$ cat protein22.pdb   # PDB, C-alpha atoms and all ligand atoms
ATOM      1  CA  MET A   1      12.219 -48.138  25.616  1.00  0.00           C
ATOM      2  CA  ASN A   2      10.435 -48.182  28.956  1.00  0.00           C
ATOM      3  CA  LYS A   3       6.756 -47.421  29.561  1.00  0.00           C
ATOM      4  CA  TYR A   4       7.438 -43.822  30.609  1.00  0.00           C
ATOM      5  CA  GLU A   5       9.149 -43.042  27.333  1.00  0.00           C
ATOM      6  CA  LEU A   6       6.188 -44.507  25.483  1.00  0.00           C
ATOM      7  CA  ARG A   7       3.741 -42.384  27.531  1.00  0.00           C
ATOM      8  CA  VAL A   8       5.738 -39.211  26.814  1.00  0.00           C
ATOM      9  CA  MET A   9       5.800 -40.017  23.108  1.00  0.00           C
ATOM     10  CA  VAL A  10       2.042 -40.708  23.008  1.00  0.00           C
ATOM     11  CA  LEU A  11       1.326 -37.526  24.976  1.00  0.00           C
ATOM     12  CA  THR A  12       3.589 -35.472  22.685  1.00  0.00           C
ATOM     13  CA  GLY A  13       1.975 -36.954  19.578  1.00  0.00           C
ATOM     14  CA  GLY A  14      -1.485 -36.235  20.986  1.00  0.00           C
ATOM     15  CA  LEU A  15      -0.657 -32.601  21.784  1.00  0.00           C
ATOM     16  CA  LEU A  16       0.917 -32.147  18.371  1.00  0.00           C
ATOM     17  CA  SER A  17      -2.227 -33.571  16.726  1.00  0.00           C
ATOM     18  CA  ILE A  18      -4.453 -31.197  18.716  1.00  0.00           C
ATOM     19  CA  PHE A  19      -2.232 -28.276  17.732  1.00  0.00           C
ATOM     20  CA  LEU A  20      -2.288 -29.213  14.030  1.00  0.00           C
ATOM     21  CA  PHE A  21      -6.050 -29.724  14.118  1.00  0.00           C
ATOM     22  CA  ALA A  22      -6.555 -26.293  15.734  1.00  0.00           C
ATOM     23  CA  LEU A  23      -4.255 -24.684  13.185  1.00  0.00           C
ATOM     24  CA  LEU A  24      -5.991 -26.270  10.174  1.00  0.00           C
ATOM     25  CA  TYR A  25      -9.472 -25.677  11.641  1.00  0.00           C
ATOM     26  CA  ASN A  26      -8.762 -21.985  12.129  1.00  0.00           C
ATOM     27  CA  THR A  27      -7.109 -21.668   8.745  1.00  0.00           C
ATOM     28  CA  PHE A  28      -9.893 -23.207   6.684  1.00  0.00           C
ATOM     29  CA  SER A  29     -13.155 -22.852   8.565  1.00  0.00           C
ATOM     30  CA  ARG A  30     -12.961 -19.363  10.064  1.00  0.00           C
ATOM     31  CA  LYS A  31     -12.540 -16.046   8.381  1.00  0.00           C
ATOM     32  CA  ILE A  32      -9.333 -14.697   9.804  1.00  0.00           C
ATOM     33  CA  ASP A  33      -8.477 -11.204   8.675  1.00  0.00           C
ATOM     34  CA  VAL A  34      -4.744 -11.200   8.223  1.00  0.00           C
ATOM     35  CA  PRO A  35      -3.311  -7.833   7.124  1.00  0.00           C
ATOM     36  CA  THR A  36      -1.946  -8.053   3.639  1.00  0.00           C
ATOM     37  CA  CYS A  37       0.441  -6.055   1.569  1.00  0.00           C
ATOM     38  CA  VAL A  38      -0.695  -4.184  -1.520  1.00  0.00           C
ATOM     39  CA  PRO A  39       1.257  -5.566  -4.499  1.00  0.00           C
ATOM     40  CA  TYR A  40       4.356  -3.581  -5.308  1.00  0.00           C
ATOM     41  CA  THR A  41       3.541  -1.268  -8.180  1.00  0.00           C
ATOM     42  CA  GLY A  42       6.766   0.568  -8.829  1.00  0.00           C
ATOM     43  CA  ALA A  43       5.095   3.804  -7.686  1.00  0.00           C
ATOM     44  CA  PHE A  44       7.971   4.204  -5.284  1.00  0.00           C
ATOM     45  CA  LYS A  45      10.839   4.749  -7.659  1.00  0.00           C
ATOM     46  CA  LYS A  46      10.576   8.334  -6.489  1.00  0.00           C
ATOM     47  CA  PRO A  47       9.198   8.815  -2.973  1.00  0.00           C
ATOM     48  CA  HIS A  48       6.887  11.814  -2.939  1.00  0.00           C
ATOM     49  CA  ILE A  49       3.979  13.647  -1.366  1.00  0.00           C
ATOM     50  CA  LYS A  50       0.913  14.211  -3.495  1.00  0.00           C
ATOM     51  CA  LYS A  51      -1.514  16.915  -2.458  1.00  0.00           C
ATOM     52  CA  VAL A  52      -5.024  15.782  -3.321  1.00  0.00           C
ATOM     53  CA  ASP A  53      -6.701  18.846  -1.822  1.00  0.00           C
ATOM     54  CA  ASN A  54      -5.992  21.285   1.031  1.00  0.00           C
ATOM     55  CA  LEU A  55      -6.611  18.657   3.713  1.00  0.00           C
ATOM     56  CA  THR A  56      -5.837  15.405   1.911  1.00  0.00           C
ATOM     57  CA  TYR A  57      -2.392  14.116   1.063  1.00  0.00           C
ATOM     58  CA  GLU A  58      -0.979  10.916  -0.338  1.00  0.00           C
ATOM     59  CA  VAL A  59       2.487  10.076   0.898  1.00  0.00           C
ATOM     60  CA  TYR A  60       4.567   7.502  -0.955  1.00  0.00           C
ATOM     61  CA  SER A  61       7.334   6.721   1.484  1.00  0.00           C
ATOM     62  CA  VAL A  62      10.395   4.529   1.116  1.00  0.00           C
ATOM     63  CA  ALA A  63      12.393   3.297   4.072  1.00  0.00           C
ATOM     64  CA  HIS A  64      16.014   2.362   3.574  1.00  0.00           C
ATOM     65  CA  MET A  65      19.187   2.125   5.630  1.00  0.00           C
ATOM     66  CA  TRP A  66      18.891   4.450   7.610  1.00  0.00           C
ATOM     67  CA  ALA A  67      16.295   7.024   6.701  1.00  0.00           C
ATOM     68  CA  PHE A  68      12.765   7.525   5.498  1.00  0.00           C
ATOM     69  CA  GLU A  69      12.038   9.358   2.279  1.00  0.00           C
ATOM     70  CA  PRO A  70      10.416  11.816   2.415  1.00  0.00           C
ATOM     71  CA  ASN A  71      12.021  12.450   5.774  1.00  0.00           C
ATOM     72  CA  GLU A  72       9.948  15.469   6.685  1.00  0.00           C
ATOM     73  CA  ILE A  73       6.269  15.963   5.891  1.00  0.00           C
ATOM     74  CA  THR A  74       4.563  19.294   6.529  1.00  0.00           C
ATOM     75  CA  ILE A  75       0.774  19.490   6.534  1.00  0.00           C
ATOM     76  CA  PRO A  76      -1.878  21.763   8.062  1.00  0.00           C
ATOM     77  CA  ALA A  77      -3.859  20.646  11.110  1.00  0.00           C
ATOM     78  CA  GLY A  78      -6.978  18.669  10.216  1.00  0.00           C
ATOM     79  CA  SER A  79      -5.264  16.931   7.313  1.00  0.00           C
ATOM     80  CA  THR A  80      -5.577  13.302   6.412  1.00  0.00           C
ATOM     81  CA  ILE A  81      -2.676  11.348   4.993  1.00  0.00           C
ATOM     82  CA  ASP A  82      -2.977   8.189   2.972  1.00  0.00           C
ATOM     83  CA  LEU A  83       0.394   6.662   3.711  1.00  0.00           C
ATOM     84  CA  TYR A  84       1.877   4.080   1.362  1.00  0.00           C
ATOM     85  CA  LEU A  85       5.076   2.598   2.695  1.00  0.00           C
ATOM     86  CA  THR A  86       7.685   0.246   1.319  1.00  0.00           C
ATOM     87  CA  SER A  87      11.352  -0.549   1.777  1.00  0.00           C
ATOM     88  CA  SER A  88      14.153  -0.663  -0.740  1.00  0.00           C
ATOM     89  CA  ASP A  89      16.445  -2.945   1.258  1.00  0.00           C
ATOM     90  CA  VAL A  90      15.561  -4.723   4.503  1.00  0.00           C
ATOM     91  CA  VAL A  91      12.521  -4.744   6.770  1.00  0.00           C
ATOM     92  CA  HIS A  92      12.054  -1.496   8.681  1.00  0.00           C
ATOM     93  CA  GLY A  93       9.402  -0.210  11.041  1.00  0.00           C
ATOM     94  CA  TYR A  94       7.385   3.002  10.827  1.00  0.00           C
ATOM     95  CA  ASN A  95       6.103   4.162  14.170  1.00  0.00           C
ATOM     96  CA  ILE A  96       4.477   7.576  14.489  1.00  0.00           C
ATOM     97  CA  VAL A  97       5.018   8.457  18.104  1.00  0.00           C
ATOM     98  CA  LEU A  98       1.901   9.760  19.916  1.00  0.00           C
ATOM     99  CA  LYS A  99      -0.402   8.546  17.122  1.00  0.00           C
ATOM    100  CA  GLY A 100      -0.293   4.818  17.783  1.00  0.00           C
ATOM    101  CA  ILE A 101       0.605   4.150  14.150  1.00  0.00           C
ATOM    102  CA  ASN A 102       2.783   1.116  13.675  1.00  0.00           C
ATOM    103  CA  LEU A 103       3.582  -0.155  10.181  1.00  0.00           C
ATOM    104  CA  MET A 104       6.172  -2.466   8.708  1.00  0.00           C
ATOM    105  CA  ALA A 105       8.143  -1.410   5.640  1.00  0.00           C
ATOM    106  CA  VAL A 106       8.708  -4.617   3.721  1.00  0.00           C
ATOM    107  CA  PRO A 107      10.785  -4.855   0.541  1.00  0.00           C
ATOM    108  CA  GLY A 108       8.566  -5.861  -2.383  1.00  0.00           C
ATOM    109  CA  GLY A 109       5.334  -5.004  -0.563  1.00  0.00           C
ATOM    110  CA  VAL A 110       3.379  -1.886   0.299  1.00  0.00           C
ATOM    111  CA  SER A 111       1.805  -1.167   3.681  1.00  0.00           C
ATOM    112  CA  LYS A 112      -1.038   1.320   3.666  1.00  0.00           C
ATOM    113  CA  THR A 113      -2.852   3.292   6.303  1.00  0.00           C
ATOM    114  CA  LYS A 114      -4.903   6.470   6.685  1.00  0.00           C
ATOM    115  CA  ILE A 115      -4.027   8.950   9.431  1.00  0.00           C
ATOM    116  CA  THR A 116      -5.752  12.177  10.441  1.00  0.00           C
ATOM    117  CA  PHE A 117      -3.810  14.864  12.289  1.00  0.00           C
ATOM    118  CA  ASN A 118      -6.192  17.167  14.146  1.00  0.00           C
ATOM    119  CA  ASP A 119      -3.675  18.714  16.524  1.00  0.00           C
ATOM    120  CA  ALA A 120      -0.762  20.884  15.464  1.00  0.00           C
ATOM    121  CA  GLY A 121       2.670  19.757  16.556  1.00  0.00           C
ATOM    122  CA  ILE A 122       5.725  17.797  15.549  1.00  0.00           C
ATOM    123  CA  TYR A 123       5.192  14.070  15.353  1.00  0.00           C
ATOM    124  CA  ARG A 124       8.332  11.992  15.364  1.00  0.00           C
ATOM    125  CA  VAL A 125       8.598   8.927  13.166  1.00  0.00           C
ATOM    126  CA  VAL A 126      10.964   6.210  14.342  1.00  0.00           C
ATOM    127  CA  CYS A 127      12.030   2.862  12.991  1.00  0.00           C
ATOM    128  CA  HIS A 128      11.009   0.211  15.491  1.00  0.00           C
ATOM    129  CA  GLU A 129      12.419  -2.817  13.688  1.00  0.00           C
ATOM    130  CA  TYR A 130      16.119  -3.414  14.143  1.00  0.00           C
ATOM    131  CA  CYS A 131      17.626  -2.920  10.686  1.00  0.00           C
ATOM    132  CA  GLY A 132      21.367  -2.615  11.149  1.00  0.00           C
ATOM    133  CA  SER A 133      24.059  -0.512  12.745  1.00  0.00           C
ATOM    134  CA  GLY A 134      22.379   2.838  11.987  1.00  0.00           C
ATOM    135  CA  HIS A 135      18.949   1.792  13.209  1.00  0.00           C
ATOM    136  CA  GLN A 136      18.881   4.157  16.183  1.00  0.00           C
ATOM    137  CA  TYR A 137      19.419   7.168  13.882  1.00  0.00           C
ATOM    138  CA  MET A 138      16.535   6.261  11.597  1.00  0.00           C
ATOM    139  CA  MET A 139      13.823   8.808  12.186  1.00  0.00           C
ATOM    140  CA  GLY A 140      11.678  11.354  10.458  1.00  0.00           C
ATOM    141  CA  LYS A 141       9.125  13.982  11.308  1.00  0.00           C
ATOM    142  CA  ILE A 142       5.623  15.009  10.464  1.00  0.00           C
ATOM    143  CA  ILE A 143       5.096  18.698  11.094  1.00  0.00           C
ATOM    144  CA  VAL A 144       1.476  19.680  11.561  1.00  0.00           C
ATOM    145  CA  THR A 145       1.022  23.424  11.359  1.00  0.00           C
ATOM    146  CA  ASP A 146      -1.844  25.521  12.688  1.00  0.00           C
ATOM    147  CA  LYS A 147      -4.569  26.209  10.176  1.00  0.00           C
TER     148      LYS A 147
HETATM  149 CU    CU A 201      15.512   0.259  11.996  1.00  0.00          CU
END
$ encode --input "protein22.pdb" --output "structure tokens"
Amino acid sequence: MNKYELRVMVLTGGLLSIFLFALLYNTFSRKIDVPTCVPYTGAFKKPHIKKVDNLTYEVYSVAHMWAFEPNEITIPAGSTIDLYLTSSDVVHGYNIVLKGINLMAVPGGVSKTKITFNDAGIYRVVCHEYCGSGHQYMMGKIIVTDK
């Protein structure tokens, strides 16, 4: 081993130590808000839409190869959806185009978000996580009707 090899090894070890220190420091001493999954409850055996009141809906959605269930959601303008999302096979994505909503559908976990639709229109839902040969056909729709 020549002196250059030794320098490279010392430098590499030093950088690795700094990296590990930064990782452990940030893990234990700072409050990092990492999104978590709600524990799987089995509420998804049957995907469904629950109407809470005229402008509030709960949607229990399951993604699977290669569709979302329910595939079409119709609500009046001004409605808020509590969306609970899971997957029954592999990891899928749930992107509501024009709303900036971007969720992952993970088997065994539930992703949750709240979305308000003030404007009428048809919002396309696409899978944005490659999930197999039918991935590009995996889409749904949220139809927001005029009040
Ligand atoms: Cu996909």
$ resolve_selection --input "protein22.pdb" --expression "the PyMOL selection byres (((chain A and resi 126) around 8) and not hetatm)" --output "ChimeraX atom specification"
/A:93-97,124-125,127-128,138-140
$ closest_atom_pairs --input "protein22.pdb" --of "chain A" --to "ligand CU 201 (chain A)" --cutoff "10 Å" --atoms "all atoms listed in the file" --output "Markdown table"
| residue | atom | partner | partner_atom | distance |
| --- | --- | --- | --- | --- |
| A:Ala63 | CA | A:CU201 | CU | 9.0 |
| A:His64 | CA | A:CU201 | CU | 8.7 |
| A:Met65 | CA | A:CU201 | CU | 7.6 |
| A:Trp66 | CA | A:CU201 | CU | 6.9 |
| A:Ala67 | CA | A:CU201 | CU | 8.6 |
| A:Val90 | CA | A:CU201 | CU | 9.0 |
| A:Val91 | CA | A:CU201 | CU | 7.8 |
| A:His92 | CA | A:CU201 | CU | 5.1 |
| A:Gly93 | CA | A:CU201 | CU | 6.2 |
| A:Tyr94 | CA | A:CU201 | CU | 8.7 |
| A:Ala105 | CA | A:CU201 | CU | 9.9 |
| A:Val126 | CA | A:CU201 | CU | 7.8 |
| A:Cys127 | CA | A:CU201 | CU | 4.5 |
| A:His128 | CA | A:CU201 | CU | 5.7 |
| A:Glu129 | CA | A:CU201 | CU | 4.7 |
| A:Tyr130 | CA | A:CU201 | CU | 4.3 |
| A:Cys131 | CA | A:CU201 | CU | 4.0 |
| A:Gly132 | CA | A:CU201 | CU | 6.6 |
| A:Ser133 | CA | A:CU201 | CU | 8.6 |
| A:Gly134 | CA | A:CU201 | CU | 7.3 |
| A:His135 | CA | A:CU201 | CU | 4.0 |
| A:Gln136 | CA | A:CU201 | CU | 6.6 |
| A:Tyr137 | CA | A:CU201 | CU | 8.2 |
| A:Met138 | CA | A:CU201 | CU | 6.1 |
| A:Met139 | CA | A:CU201 | CU | 8.7 |
$ axis_aligned_box --input "protein22.pdb" --around "segment 93-111 of chain A" --padding-each-side "4 Å" --output "JSON"
{"center_x": 5.2, "center_y": 1.9, "center_z": 8.8, "size_x": 19.2, "size_y": 23.6, "size_z": 30.3}
$ atom_distance --input "protein22.pdb" --atom1 "atom CA of Leu103 of chain A" --atom2 "atom CA of Asn71 of chain A"
15.8 Å
$ closest_residue --input "protein22.pdb" --among "A:Ile101, A:Pro76, A:Leu23, A:Val8" --to "Gly121 of chain A" --atoms "only C-alpha atoms"
A:Pro76
$ resolve_selection --input "protein22.pdb" --expression "the PyMOL selection byres (((chain A and resi 57) around 12) and not hetatm)" --output "PyMOL selection string"
chain A and resi 48-56+58-60+73-76+78-84+114-117
$ write_last_selection --input "protein22.pdb" --atoms "C-alpha atoms" --output "PDB file, keeping the file's coordinate frame"
ATOM      1  CA  HIS A  48       6.887  11.814  -2.939  1.00  0.00           C
ATOM      2  CA  ILE A  49       3.979  13.647  -1.366  1.00  0.00           C
ATOM      3  CA  LYS A  50       0.913  14.211  -3.495  1.00  0.00           C
ATOM      4  CA  LYS A  51      -1.514  16.915  -2.458  1.00  0.00           C
ATOM      5  CA  VAL A  52      -5.024  15.782  -3.321  1.00  0.00           C
ATOM      6  CA  ASP A  53      -6.701  18.846  -1.822  1.00  0.00           C
ATOM      7  CA  ASN A  54      -5.992  21.285   1.031  1.00  0.00           C
ATOM      8  CA  LEU A  55      -6.611  18.657   3.713  1.00  0.00           C
ATOM      9  CA  THR A  56      -5.837  15.405   1.911  1.00  0.00           C
ATOM     10  CA  GLU A  58      -0.979  10.916  -0.338  1.00  0.00           C
ATOM     11  CA  VAL A  59       2.487  10.076   0.898  1.00  0.00           C
ATOM     12  CA  TYR A  60       4.567   7.502  -0.955  1.00  0.00           C
ATOM     13  CA  ILE A  73       6.269  15.963   5.891  1.00  0.00           C
ATOM     14  CA  THR A  74       4.563  19.294   6.529  1.00  0.00           C
ATOM     15  CA  ILE A  75       0.774  19.490   6.534  1.00  0.00           C
ATOM     16  CA  PRO A  76      -1.878  21.763   8.062  1.00  0.00           C
ATOM     17  CA  GLY A  78      -6.978  18.669  10.216  1.00  0.00           C
ATOM     18  CA  SER A  79      -5.264  16.931   7.313  1.00  0.00           C
ATOM     19  CA  THR A  80      -5.577  13.302   6.412  1.00  0.00           C
ATOM     20  CA  ILE A  81      -2.676  11.348   4.993  1.00  0.00           C
ATOM     21  CA  ASP A  82      -2.977   8.189   2.972  1.00  0.00           C
ATOM     22  CA  LEU A  83       0.394   6.662   3.711  1.00  0.00           C
ATOM     23  CA  TYR A  84       1.877   4.080   1.362  1.00  0.00           C
ATOM     24  CA  LYS A 114      -4.903   6.470   6.685  1.00  0.00           C
ATOM     25  CA  ILE A 115      -4.027   8.950   9.431  1.00  0.00           C
ATOM     26  CA  THR A 116      -5.752  12.177  10.441  1.00  0.00           C
ATOM     27  CA  PHE A 117      -3.810  14.864  12.289  1.00  0.00           C
TER      28      PHE A 117
END
$ atom_distance --input "protein22.pdb" --atom1 "atom CA of Lys141 of chain A" --atom2 "atom CA of Pro107 of chain A"
21.8 Å
$ atom_distance --input "protein22.pdb" --atom1 "atom CA of Lys112 of chain A" --atom2 "atom CA of Pro47 of chain A"
14.3 Å
